[in-house]
Amino acid sequence: MSAALDWLKQQRQVPAAPASPSADDWQDVFDALRRLRERGPRKLAAATPLTALPVDRTLPGEEIAPGLWRHVTLRARPLAPTVIELGDLAVASPATRRRGTVPLPETVEASRVAFFDTETTGLAGGTGTRAFMVGIARFTPAGLAITQFTTATMAAEAAMLRAVLDALGDDAVLVSYNGKSYDRPLLGTRLRLSRIPDPLSRFPHLDLLHPTRRRLRHALPDCRLATVERHWLGVLREDDLPGSEAPAAWLAYLRGGSAALLRRVGEHNAQDLASLAGLLLHHLEDVAAVDAPRG
């Protein structure tokens, strides 16, 4: 075989042709090629994959049911008196009375007031829209206690709805911002789809959008909560995730993505609740200032 191989090498290196190899030499070459063919292609060693960086899937709080997270925080402000005089805010319009809405009490213990706000998969409403996060805030002697429920799976919705109802209790006075038109009907729809009795319509409900609009509609470009909180409360949100991006943040998490944006949705929701509490107290301070006797 060496004579044949030498001859092949010489064909590439020297212009003069050496002596031709014998038939036995060529047979050695053919035998070597046959062995290579029978051996098959050489398998390359599998490349060692790079270690993938872990995805940040951490949600704040604790998992109280499969796929359901509860996060409780306390804000030192705003503080509220033990008893809240709702005054003119408790006066229902004639249209509201005709619809049979539960009347608001003129005086209510501050601990009964439950501010609530939802983060949902869209603003269109209907049976295809669900709330993936519900926040509830209550006045306590130490400040404003905020409890947020977040679903980390589609199947956790019913557990979240039951947890929300448990957190509200039996004697809550609901306070929201556009909640009568959006948040409460949405939760009612989801409760019916989950075959859970809906007690929300039995609660007194103060929607702060309506008194705010009556007072500020000529003074502000719009009456969105973010606009009102800047004007009345001096709240300027920094690095706030717009509500329009909340659905994408939740869906990305469901598909295995990072929890970073979903945590920012929670921060946005908590600020909404804190602003609701501040807005109610601001309304009451204005009413008290108007009603105060002048010396």
# chains A, B, ... in the order shown; residues from 1 in each chain; ligands from 1

$ residues_around --residues "Met160 in chain A" --least-positions-apart "5" --cutoff "10 Å" --atoms "only C-alpha atoms" --output "JSON, numbers by chain"
{"A": [64, 65, 67, 68, 69, 70, 131, 132, 133, 134, 148, 149, 150, 151, 155, 165, 166]}

$ write_last_selection --atoms "N, CA and C atoms" --output "PDB file, in the first residue's frame"
ATOM      1  N   ILE A  64     -50.473  31.066  48.176  1.00  0.00           N
ATOM      2  CA  ILE A  64     -51.476  30.590  49.124  1.00  0.00           C
ATOM      3  C   ILE A  64     -52.341  29.485  48.527  1.00  0.00           C
ATOM      4  N   ALA A  65     -52.264  29.276  47.244  1.00  0.00           N
ATOM      5  CA  ALA A  65     -52.945  28.191  46.533  1.00  0.00           C
ATOM      6  C   ALA A  65     -52.156  27.957  45.259  1.00  0.00           C
ATOM      7  N   GLY A  67     -50.643  28.402  42.070  1.00  0.00           N
ATOM      8  CA  GLY A  67     -50.684  29.468  41.079  1.00  0.00           C
ATOM      9  C   GLY A  67     -51.251  30.777  41.573  1.00  0.00           C
ATOM     10  N   LEU A  68     -51.553  30.904  42.870  1.00  0.00           N
ATOM     11  CA  LEU A  68     -52.126  32.149  43.414  1.00  0.00           C
ATOM     12  C   LEU A  68     -51.180  32.727  44.457  1.00  0.00           C
ATOM     13  N   TRP A  69     -50.795  33.994  44.232  1.00  0.00           N
ATOM     14  CA  TRP A  69     -49.849  34.663  45.123  1.00  0.00           C
ATOM     15  C   TRP A  69     -50.539  35.823  45.836  1.00  0.00           C
ATOM     16  N   ARG A  70     -50.219  35.966  47.112  1.00  0.00           N
ATOM     17  CA  ARG A  70     -50.735  37.077  47.926  1.00  0.00           C
ATOM     18  C   ARG A  70     -49.555  37.888  48.452  1.00  0.00           C
ATOM     19  N   ALA A 131     -59.507  39.373  35.195  1.00  0.00           N
ATOM     20  CA  ALA A 131     -58.619  40.095  36.101  1.00  0.00           C
ATOM     21  C   ALA A 131     -57.541  39.123  36.574  1.00  0.00           C
ATOM     22  N   PHE A 132     -56.290  39.451  36.288  1.00  0.00           N
ATOM     23  CA  PHE A 132     -55.205  38.582  36.761  1.00  0.00           C
ATOM     24  C   PHE A 132     -54.589  39.097  38.051  1.00  0.00           C
ATOM     25  N   MET A 133     -54.959  40.324  38.450  1.00  0.00           N
ATOM     26  CA  MET A 133     -54.478  40.886  39.713  1.00  0.00           C
ATOM     27  C   MET A 133     -55.582  41.746  40.317  1.00  0.00           C
ATOM     28  N   VAL A 134     -55.834  41.551  41.601  1.00  0.00           N
ATOM     29  CA  VAL A 134     -56.810  42.360  42.323  1.00  0.00           C
ATOM     30  C   VAL A 134     -56.143  42.877  43.586  1.00  0.00           C
ATOM     31  N   GLN A 148     -52.524  42.299  47.702  1.00  0.00           N
ATOM     32  CA  GLN A 148     -52.652  42.065  46.262  1.00  0.00           C
ATOM     33  C   GLN A 148     -52.657  40.569  45.978  1.00  0.00           C
ATOM     34  N   PHE A 149     -53.605  40.159  45.149  1.00  0.00           N
ATOM     35  CA  PHE A 149     -53.716  38.767  44.726  1.00  0.00           C
ATOM     36  C   PHE A 149     -53.368  38.693  43.237  1.00  0.00           C
ATOM     37  N   THR A 150     -52.452  37.795  42.890  1.00  0.00           N
ATOM     38  CA  THR A 150     -51.984  37.659  41.510  1.00  0.00           C
ATOM     39  C   THR A 150     -52.065  36.201  41.089  1.00  0.00           C
ATOM     40  N   THR A 151     -52.647  35.953  39.915  1.00  0.00           N
ATOM     41  CA  THR A 151     -52.699  34.598  39.383  1.00  0.00           C
ATOM     42  C   THR A 151     -51.477  34.360  38.501  1.00  0.00           C
ATOM     43  N   ALA A 155     -55.471  28.576  35.682  1.00  0.00           N
ATOM     44  CA  ALA A 155     -56.351  27.770  36.532  1.00  0.00           C
ATOM     45  C   ALA A 155     -56.547  28.356  37.922  1.00  0.00           C
ATOM     46  N   LEU A 165     -62.983  37.680  47.911  1.00  0.00           N
ATOM     47  CA  LEU A 165     -64.220  37.773  48.691  1.00  0.00           C
ATOM     48  C   LEU A 165     -63.944  37.584  50.180  1.00  0.00           C
ATOM     49  N   ASP A 166     -63.042  36.665  50.522  1.00  0.00           N
ATOM     50  CA  ASP A 166     -62.680  36.475  51.929  1.00  0.00           C
ATOM     51  C   ASP A 166     -62.030  37.727  52.499  1.00  0.00           C
TER      52      ASP A 166
END

$ residues_around --residues "Leu89 in chain A" --least-positions-apart "3" --cutoff "10 Å" --atoms "only C-alpha atoms" --output "number ranges by chain"
A: 85-86, 92, 104-106, 206-208, 210-211, 280, 283-284, 287

$ select_by_dssp --residues "range 17-258 of chain A" --states "strand (DSSP E)" --output "PyMOL selection string"
chain A and resi 62-65+68-75+83-85+107-109+113-120+131-140+143-151+173-176+205-207

$ select_by_dssp --residues "range 78-273 of chain A" --states "helix (DSSP H, G or I)" --output "PyMOL selection string"
chain A and resi 87-90+94-98+110-112+154-168+179-193+200-202+209-216+225-233+243-254+260-273

$ atom_distance --atom1 "CA of Arg202 in chain A" --atom2 "CA of Val102 in chain A"
6.5 Å
